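Here is work10.txt, consisting of compact mmCIF, N, CA and C atoms and all ligand atoms:
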# COMPACT_ATOMS: atom_id res chain seq x y z
N MET C 1371 0.84 -1.21 0.00
CA MET C 1371 0.00 0.00 0.00
C MET C 1371 0.88 1.26 0.00
N ASP C 1372 0.59 2.19 -0.93
CA ASP C 1372 1.39 3.42 -1.04
C ASP C 1372 0.77 4.52 -0.17
N TRP C 1373 1.30 4.63 1.07
CA TRP C 1373 0.72 5.58 2.03
C TRP C 1373 0.89 7.03 1.60
N ARG C 1374 2.03 7.29 0.91
CA ARG C 1374 2.28 8.68 0.47
C ARG C 1374 1.22 9.13 -0.54
N LYS C 1375 0.81 8.17 -1.41
CA LYS C 1375 -0.21 8.47 -2.42
C LYS C 1375 -1.55 8.77 -1.72
N TYR C 1376 -1.88 7.93 -0.69
CA TYR C 1376 -3.13 8.14 0.05
C TYR C 1376 -3.12 9.49 0.77
N LEU C 1377 -1.96 9.80 1.35
CA LEU C 1377 -1.82 11.05 2.09
C LEU C 1377 -1.99 12.25 1.16
N ARG C 1378 -1.41 12.12 -0.06
CA ARG C 1378 -1.51 13.19 -1.04
C ARG C 1378 -2.96 13.37 -1.48
N SER C 1379 -3.66 12.24 -1.71
CA SER C 1379 -5.08 12.29 -2.11
C SER C 1379 -5.90 12.94 -1.00
N PHE C 1380 -5.57 12.61 0.25
CA PHE C 1380 -6.26 13.19 1.39
C PHE C 1380 -6.06 14.70 1.40
N GLY C 1381 -4.83 15.14 1.11
CA GLY C 1381 -4.52 16.57 1.04
C GLY C 1381 -5.33 17.27 -0.03
N TYR C 1382 -5.49 16.60 -1.20
CA TYR C 1382 -6.29 17.19 -2.28
C TYR C 1382 -7.75 17.32 -1.85
N ALA C 1383 -8.23 16.30 -1.13
CA ALA C 1383 -9.63 16.33 -0.67
C ALA C 1383 -9.85 17.49 0.31
N ILE C 1384 -8.88 17.71 1.20
CA ILE C 1384 -8.96 18.83 2.15
C ILE C 1384 -8.95 20.15 1.37
N GLU C 1385 -8.10 20.20 0.33
CA GLU C 1385 -8.03 21.39 -0.51
C GLU C 1385 -9.39 21.65 -1.17
N GLY C 1386 -10.04 20.56 -1.59
CA GLY C 1386 -11.37 20.66 -2.22
C GLY C 1386 -12.39 21.21 -1.23
N ILE C 1387 -12.34 20.72 0.01
CA ILE C 1387 -13.28 21.21 1.03
C ILE C 1387 -13.04 22.70 1.27
N LEU C 1388 -11.76 23.10 1.35
CA LEU C 1388 -11.44 24.52 1.60
C LEU C 1388 -11.91 25.39 0.44
N THR C 1389 -11.74 24.90 -0.79
CA THR C 1389 -12.20 25.66 -1.96
C THR C 1389 -13.73 25.81 -1.93
N ALA C 1390 -14.43 24.69 -1.66
CA ALA C 1390 -15.90 24.72 -1.63
C ALA C 1390 -16.40 25.60 -0.50
N SER C 1391 -15.64 25.66 0.60
CA SER C 1391 -16.10 26.43 1.77
C SER C 1391 -16.15 27.93 1.51
N LYS C 1392 -15.56 28.37 0.38
CA LYS C 1392 -15.60 29.81 0.05
C LYS C 1392 -16.91 30.17 -0.63
N GLU C 1393 -17.68 29.15 -1.06
CA GLU C 1393 -18.97 29.40 -1.72
C GLU C 1393 -20.00 29.90 -0.71
N GLN C 1394 -20.86 30.82 -1.17
CA GLN C 1394 -21.88 31.39 -0.28
C GLN C 1394 -22.81 30.31 0.26
N ASN C 1395 -23.25 29.38 -0.63
CA ASN C 1395 -24.17 28.31 -0.21
C ASN C 1395 -23.56 27.45 0.89
N PHE C 1396 -22.27 27.18 0.77
CA PHE C 1396 -21.57 26.35 1.76
C PHE C 1396 -21.62 27.05 3.13
N LYS C 1397 -21.37 28.38 3.09
CA LYS C 1397 -21.39 29.14 4.35
C LYS C 1397 -22.78 29.10 4.98
N SER C 1398 -23.83 29.21 4.14
CA SER C 1398 -25.20 29.14 4.66
C SER C 1398 -25.44 27.78 5.31
N HIS C 1399 -24.89 26.71 4.70
CA HIS C 1399 -25.07 25.37 5.27
C HIS C 1399 -24.34 25.24 6.61
N VAL C 1400 -23.19 25.90 6.72
CA VAL C 1400 -22.46 25.86 8.00
C VAL C 1400 -23.32 26.50 9.09
N VAL C 1401 -23.90 27.67 8.78
CA VAL C 1401 -24.75 28.37 9.75
C VAL C 1401 -25.95 27.50 10.11
N SER C 1402 -26.62 26.92 9.08
CA SER C 1402 -27.79 26.06 9.32
C SER C 1402 -27.41 24.86 10.18
N ALA C 1403 -26.25 24.24 9.87
CA ALA C 1403 -25.83 23.05 10.62
C ALA C 1403 -25.60 23.40 12.09
N ILE C 1404 -24.99 24.56 12.34
CA ILE C 1404 -24.73 24.98 13.73
C ILE C 1404 -26.06 25.19 14.46
N ILE C 1405 -27.02 25.87 13.78
CA ILE C 1405 -28.33 26.13 14.40
C ILE C 1405 -29.03 24.80 14.72
N VAL C 1406 -29.02 23.87 13.74
CA VAL C 1406 -29.70 22.57 13.94
C VAL C 1406 -29.06 21.80 15.10
N MET C 1407 -27.72 21.81 15.17
CA MET C 1407 -27.05 21.05 16.23
C MET C 1407 -27.29 21.68 17.61
N LEU C 1408 -27.35 23.02 17.61
CA LEU C 1408 -27.67 23.72 18.86
C LEU C 1408 -29.09 23.39 19.31
N ALA C 1409 -30.01 23.41 18.34
CA ALA C 1409 -31.41 23.07 18.64
C ALA C 1409 -31.50 21.62 19.13
N GLY C 1410 -30.71 20.73 18.50
CA GLY C 1410 -30.71 19.33 18.91
C GLY C 1410 -30.21 19.16 20.33
N TYR C 1411 -29.19 19.92 20.67
CA TYR C 1411 -28.62 19.85 22.03
C TYR C 1411 -29.64 20.36 23.06
N LEU C 1412 -30.28 21.52 22.73
CA LEU C 1412 -31.24 22.12 23.66
C LEU C 1412 -32.52 21.29 23.77
N THR C 1413 -32.89 20.64 22.66
CA THR C 1413 -34.12 19.84 22.65
C THR C 1413 -33.90 18.50 23.35
N GLY C 1414 -32.69 17.98 23.25
CA GLY C 1414 -32.40 16.69 23.86
C GLY C 1414 -32.81 15.55 22.95
N LEU C 1415 -32.08 15.37 21.86
CA LEU C 1415 -32.39 14.31 20.92
C LEU C 1415 -31.88 12.97 21.44
N SER C 1416 -32.53 11.89 20.99
CA SER C 1416 -32.05 10.55 21.35
C SER C 1416 -30.83 10.24 20.48
N ARG C 1417 -30.16 9.15 20.82
CA ARG C 1417 -28.95 8.76 20.09
C ARG C 1417 -29.25 8.55 18.60
N ILE C 1418 -30.35 7.84 18.33
CA ILE C 1418 -30.70 7.53 16.93
C ILE C 1418 -31.09 8.82 16.18
N GLU C 1419 -31.75 9.74 16.91
CA GLU C 1419 -32.13 11.01 16.26
C GLU C 1419 -30.87 11.82 15.90
N TRP C 1420 -29.88 11.78 16.78
CA TRP C 1420 -28.60 12.45 16.48
C TRP C 1420 -27.94 11.84 15.25
N TYR C 1421 -27.99 10.49 15.17
CA TYR C 1421 -27.39 9.83 14.00
C TYR C 1421 -28.04 10.34 12.72
N ILE C 1422 -29.38 10.43 12.75
CA ILE C 1422 -30.12 10.87 11.55
C ILE C 1422 -29.77 12.31 11.21
N VAL C 1423 -29.79 13.19 12.23
CA VAL C 1423 -29.51 14.62 12.00
C VAL C 1423 -28.09 14.80 11.45
N LEU C 1424 -27.12 14.11 12.05
CA LEU C 1424 -25.72 14.25 11.60
C LEU C 1424 -25.53 13.69 10.19
N LEU C 1425 -26.24 12.59 9.91
CA LEU C 1425 -26.16 12.00 8.56
C LEU C 1425 -26.73 12.98 7.52
N LEU C 1426 -27.86 13.59 7.84
CA LEU C 1426 -28.48 14.56 6.92
C LEU C 1426 -27.55 15.76 6.69
N ILE C 1427 -26.94 16.24 7.77
CA ILE C 1427 -26.02 17.40 7.64
C ILE C 1427 -24.83 17.02 6.76
N ALA C 1428 -24.24 15.85 7.01
CA ALA C 1428 -23.07 15.42 6.22
C ALA C 1428 -23.45 15.26 4.75
N LEU C 1429 -24.62 14.65 4.49
CA LEU C 1429 -25.06 14.44 3.10
C LEU C 1429 -25.33 15.77 2.41
N MET C 1430 -25.88 16.72 3.17
CA MET C 1430 -26.17 18.05 2.60
C MET C 1430 -24.87 18.73 2.15
N PHE C 1431 -23.84 18.66 2.99
CA PHE C 1431 -22.54 19.25 2.63
C PHE C 1431 -21.95 18.53 1.41
N ALA C 1432 -22.02 17.19 1.44
CA ALA C 1432 -21.43 16.42 0.33
C ALA C 1432 -22.15 16.74 -0.98
N LEU C 1433 -23.48 16.82 -0.92
CA LEU C 1433 -24.25 17.10 -2.13
C LEU C 1433 -23.97 18.51 -2.65
N GLU C 1434 -23.85 19.45 -1.73
CA GLU C 1434 -23.55 20.84 -2.12
C GLU C 1434 -22.17 20.91 -2.79
N MET C 1435 -21.23 20.14 -2.29
CA MET C 1435 -19.89 20.14 -2.89
C MET C 1435 -19.90 19.49 -4.28
N ILE C 1436 -20.70 18.42 -4.43
CA ILE C 1436 -20.81 17.80 -5.76
C ILE C 1436 -21.46 18.78 -6.73
N ASN C 1437 -22.45 19.53 -6.25
CA ASN C 1437 -23.10 20.56 -7.08
C ASN C 1437 -22.09 21.62 -7.53
N THR C 1438 -21.25 22.05 -6.61
CA THR C 1438 -20.22 23.04 -6.94
C THR C 1438 -19.24 22.46 -7.96
N ALA C 1439 -18.87 21.18 -7.78
CA ALA C 1439 -17.95 20.54 -8.72
C ALA C 1439 -18.57 20.49 -10.11
N ILE C 1440 -19.85 20.15 -10.18
CA ILE C 1440 -20.55 20.10 -11.48
C ILE C 1440 -20.57 21.49 -12.12
N GLU C 1441 -20.82 22.53 -11.31
CA GLU C 1441 -20.81 23.91 -11.85
C GLU C 1441 -19.45 24.25 -12.46
N ARG C 1442 -18.40 23.84 -11.76
CA ARG C 1442 -17.04 24.12 -12.25
C ARG C 1442 -16.78 23.41 -13.58
N VAL C 1443 -17.15 22.14 -13.64
CA VAL C 1443 -16.91 21.35 -14.86
C VAL C 1443 -17.71 21.93 -16.02
N VAL C 1444 -18.96 22.32 -15.74
CA VAL C 1444 -19.80 22.91 -16.80
C VAL C 1444 -19.19 24.22 -17.28
N ASP C 1445 -18.72 25.05 -16.35
CA ASP C 1445 -18.09 26.33 -16.75
C ASP C 1445 -16.85 26.09 -17.60
N LEU C 1446 -16.13 25.00 -17.26
CA LEU C 1446 -14.91 24.67 -18.00
C LEU C 1446 -15.25 24.15 -19.40
N ALA C 1447 -16.25 23.25 -19.45
CA ALA C 1447 -16.60 22.61 -20.72
C ALA C 1447 -17.42 23.53 -21.62
N SER C 1448 -18.23 24.40 -20.99
CA SER C 1448 -19.13 25.23 -21.79
C SER C 1448 -19.20 26.64 -21.21
N PRO C 1449 -18.14 27.45 -21.40
CA PRO C 1449 -18.17 28.81 -20.86
C PRO C 1449 -19.24 29.66 -21.57
N GLU C 1450 -19.59 29.24 -22.80
CA GLU C 1450 -20.64 29.96 -23.53
C GLU C 1450 -22.01 29.39 -23.13
N ILE C 1451 -23.06 30.18 -23.43
CA ILE C 1451 -24.42 29.74 -23.10
C ILE C 1451 -24.78 28.53 -23.97
N HIS C 1452 -25.29 27.49 -23.30
CA HIS C 1452 -25.71 26.27 -24.02
C HIS C 1452 -26.86 25.62 -23.24
N PRO C 1453 -27.90 25.16 -23.96
CA PRO C 1453 -29.03 24.56 -23.24
C PRO C 1453 -28.63 23.37 -22.37
N LEU C 1454 -27.65 22.57 -22.82
CA LEU C 1454 -27.23 21.41 -22.01
C LEU C 1454 -26.48 21.85 -20.76
N ALA C 1455 -25.72 22.95 -20.89
CA ALA C 1455 -25.01 23.49 -19.72
C ALA C 1455 -26.04 23.95 -18.69
N LYS C 1456 -27.09 24.60 -19.20
CA LYS C 1456 -28.17 25.06 -18.30
C LYS C 1456 -28.82 23.87 -17.61
N GLN C 1457 -29.14 22.83 -18.42
CA GLN C 1457 -29.79 21.64 -17.83
C GLN C 1457 -28.91 21.01 -16.76
N ALA C 1458 -27.61 20.86 -17.06
CA ALA C 1458 -26.70 20.22 -16.10
C ALA C 1458 -26.68 20.99 -14.78
N LYS C 1459 -26.56 22.33 -14.87
CA LYS C 1459 -26.50 23.13 -13.64
C LYS C 1459 -27.83 23.13 -12.91
N ASP C 1460 -28.94 23.24 -13.69
CA ASP C 1460 -30.26 23.28 -13.05
C ASP C 1460 -30.60 21.94 -12.38
N ILE C 1461 -30.24 20.83 -13.04
CA ILE C 1461 -30.52 19.51 -12.46
C ILE C 1461 -29.71 19.30 -11.18
N ALA C 1462 -28.43 19.72 -11.22
CA ALA C 1462 -27.59 19.58 -10.02
C ALA C 1462 -28.15 20.42 -8.87
N ALA C 1463 -28.59 21.64 -9.21
CA ALA C 1463 -29.18 22.50 -8.18
C ALA C 1463 -30.50 21.89 -7.69
N GLY C 1464 -31.25 21.26 -8.61
CA GLY C 1464 -32.51 20.61 -8.24
C GLY C 1464 -32.27 19.46 -7.28
N ALA C 1465 -31.18 18.72 -7.49
CA ALA C 1465 -30.86 17.60 -6.60
C ALA C 1465 -30.64 18.11 -5.17
N VAL C 1466 -29.93 19.23 -5.07
CA VAL C 1466 -29.68 19.81 -3.74
C VAL C 1466 -31.01 20.24 -3.11
N LEU C 1467 -31.88 20.84 -3.94
CA LEU C 1467 -33.17 21.32 -3.43
C LEU C 1467 -34.04 20.16 -2.92
N VAL C 1468 -34.08 19.07 -3.71
CA VAL C 1468 -34.88 17.90 -3.30
C VAL C 1468 -34.38 17.39 -1.95
N PHE C 1469 -33.06 17.26 -1.83
CA PHE C 1469 -32.51 16.74 -0.57
C PHE C 1469 -32.78 17.70 0.59
N ALA C 1470 -32.64 19.01 0.32
CA ALA C 1470 -32.88 20.01 1.38
C ALA C 1470 -34.34 19.95 1.84
N LEU C 1471 -35.27 19.81 0.89
CA LEU C 1471 -36.70 19.76 1.26
C LEU C 1471 -37.00 18.54 2.13
N PHE C 1472 -36.48 17.36 1.69
CA PHE C 1472 -36.75 16.15 2.47
C PHE C 1472 -36.04 16.18 3.82
N SER C 1473 -34.85 16.80 3.86
CA SER C 1473 -34.16 16.94 5.15
C SER C 1473 -34.97 17.81 6.09
N ALA C 1474 -35.56 18.88 5.54
CA ALA C 1474 -36.37 19.78 6.36
C ALA C 1474 -37.58 19.03 6.91
N ILE C 1475 -38.20 18.21 6.06
CA ILE C 1475 -39.37 17.43 6.51
C ILE C 1475 -38.96 16.46 7.63
N ILE C 1476 -37.85 15.75 7.42
CA ILE C 1476 -37.38 14.79 8.45
C ILE C 1476 -37.05 15.55 9.74
N GLY C 1477 -36.41 16.73 9.59
CA GLY C 1477 -36.07 17.55 10.76
C GLY C 1477 -37.33 17.94 11.53
N LEU C 1478 -38.35 18.35 10.79
CA LEU C 1478 -39.60 18.75 11.46
C LEU C 1478 -40.24 17.55 12.15
N LEU C 1479 -40.18 16.36 11.51
CA LEU C 1479 -40.75 15.16 12.12
C LEU C 1479 -40.02 14.78 13.41
N ILE C 1480 -38.73 15.12 13.48
CA ILE C 1480 -37.95 14.82 14.69
C ILE C 1480 -38.22 15.87 15.77
N PHE C 1481 -38.17 17.14 15.37
CA PHE C 1481 -38.22 18.21 16.37
C PHE C 1481 -39.64 18.55 16.85
N LEU C 1482 -40.59 18.67 15.91
CA LEU C 1482 -41.93 19.17 16.29
C LEU C 1482 -42.60 18.39 17.42
N PRO C 1483 -42.59 17.03 17.38
CA PRO C 1483 -43.24 16.31 18.48
C PRO C 1483 -42.59 16.59 19.84
N LYS C 1484 -41.32 16.96 19.84
CA LYS C 1484 -40.63 17.23 21.12
C LYS C 1484 -40.96 18.63 21.62
N TRP C 1485 -41.29 19.52 20.71
CA TRP C 1485 -41.59 20.90 21.11
C TRP C 1485 -43.05 21.07 21.50
N PHE C 1486 -43.94 20.28 20.83
CA PHE C 1486 -45.40 20.47 21.09
C PHE C 1486 -46.02 19.19 21.61
N1 LIG N 1 -23.18 28.05 -19.72
C1 LIG N 1 -24.48 28.21 -19.42
N2 LIG N 1 -25.42 28.02 -20.37
C2 LIG N 1 -26.73 28.17 -20.10
N3 LIG N 1 -27.22 28.52 -18.88
C3 LIG N 1 -26.34 28.70 -17.88
C4 LIG N 1 -24.92 28.57 -18.09
N4 LIG N 1 -24.29 28.83 -16.91
C5 LIG N 1 -25.26 29.10 -16.04
N5 LIG N 1 -26.49 29.02 -16.58
C6 LIG N 1 -27.78 29.26 -15.91
O1 LIG N 1 -27.62 30.20 -14.88
C7 LIG N 1 -27.91 29.56 -13.62
C8 LIG N 1 -26.95 30.10 -12.57
O2 LIG N 1 -25.66 29.70 -12.94
P1 LIG N 1 -24.38 29.98 -12.05
O3 LIG N 1 -23.20 29.37 -12.68
O4 LIG N 1 -24.31 31.42 -11.73
O5 LIG N 1 -24.76 29.11 -10.83
P2 LIG N 1 -25.05 29.53 -9.35
O6 LIG N 1 -26.06 28.54 -8.87
O7 LIG N 1 -25.41 30.98 -9.27
O8 LIG N 1 -23.66 29.17 -8.73
P3 LIG N 1 -22.48 30.05 -8.12
O9 LIG N 1 -22.94 31.50 -8.07
O10 LIG N 1 -22.26 29.43 -6.81
O11 LIG N 1 -21.34 29.81 -9.08
C9 LIG N 1 -27.80 28.06 -13.85
O12 LIG N 1 -28.58 27.32 -12.97
C10 LIG N 1 -28.30 27.95 -15.27
O13 LIG N 1 -29.72 27.97 -15.32

Re-express the file's structure as structure tokens.
Amino acid sequence: MDWRKYLRSFGYAIEGILTASKEQNFKSHVVSAIIVMLAGYLTGLSRIEWYIVLLLIALMFALEMINTAIERVVDLASPEIHPLAKQAKDIAAGAVLVFALFSAIIGLLIFLPKWF
């Protein structure tokens, strides 16, 4: 096993996270994640509820980063206006929206019964 190669790949992945973290959407997700975790702490979630909340937060960040990567590739491949470039970016953004909506629903199903 080539540990130096793995370490280098790990460094590139960290670089990718740092690059994505400069995006406005990423920053909004950081703020949302902090608010949700604070609410979870104050509400007193069960162990399994924490697993679900943390999984949703991690998936949201991962999906947002994949969306950013797709935007970059589209900009590289098609800097000019093209209907397929539009579709690719809109579909990627739609994927994030679908996940965000379902995460919000799951979040409400976890939190609302504890509040009311
Ligand atoms: N090359 C293109 N051809 C056609 N439509 C495009 C193209 N680039 C962007 N668009 C349209 O403009 C929208 C916004 O694109 P943009 O690249 O600004 O994405 P964004 O979501 O604002 O991301 P960010 O501002 O984080 O880069 C896209 O969803 C798409 O509908």

Name the residues, by chain letter and number, that sit within 8 Å of ligand LIG 1 (chain N) using all atoms listed in the file, and give them as a VMD selection string. chain C and resid 1393 to 1396 1437 to 1438 1441 to 1442 1444 to 1445 1447 to 1464

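One distance worth recording is that between atom CA of C:Phe1472 and atom N of C:Gly1386, which is 27.4 Å.
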
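The space separating atom CA of C:Val1400 from atom C of C:Arg1417 comes to 21.4 Å.
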
Given the choices C:Ser1402, C:Ala1390, C:Phe1469, C:Gly1410, which gets closest to C:Leu1429 if the distance is worked out from only N, CA and C atoms? C:Phe1469

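Distances here use all atoms listed in the file; by that measure, the residue among C:His1399, C:Val1468, C:Ser1416, C:Ala1409 closest to C:Phe1431 is C:His1399.
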
Between atom CA of C:Met1435 and atom CA of C:Arg1374, measure the distance and give it in Å to one decimal. 25.2 Å

So that I can see what lies close to C:Ser1473, please list as a ChimeraX atom specification the residues with an atom at most 9 Å from it, counting only C-alpha atoms and leaving out residues fewer than 3 positions away in the same chain. /C:1423,1426-1427,1430,1468-1470,1476-1478

Kindly compute an axis-aligned box around the listed atoms of stretch 1474-1484 of chain C, allowing 6 Å on each side, and express its centre and edge lengths in Å to one decimal as lines of an AutoDock Vina configuration file.
center_x = -39.4
center_y = 17.3
center_z = 13.6
size_x = 19.7
size_y = 17.0
size_z = 28.1
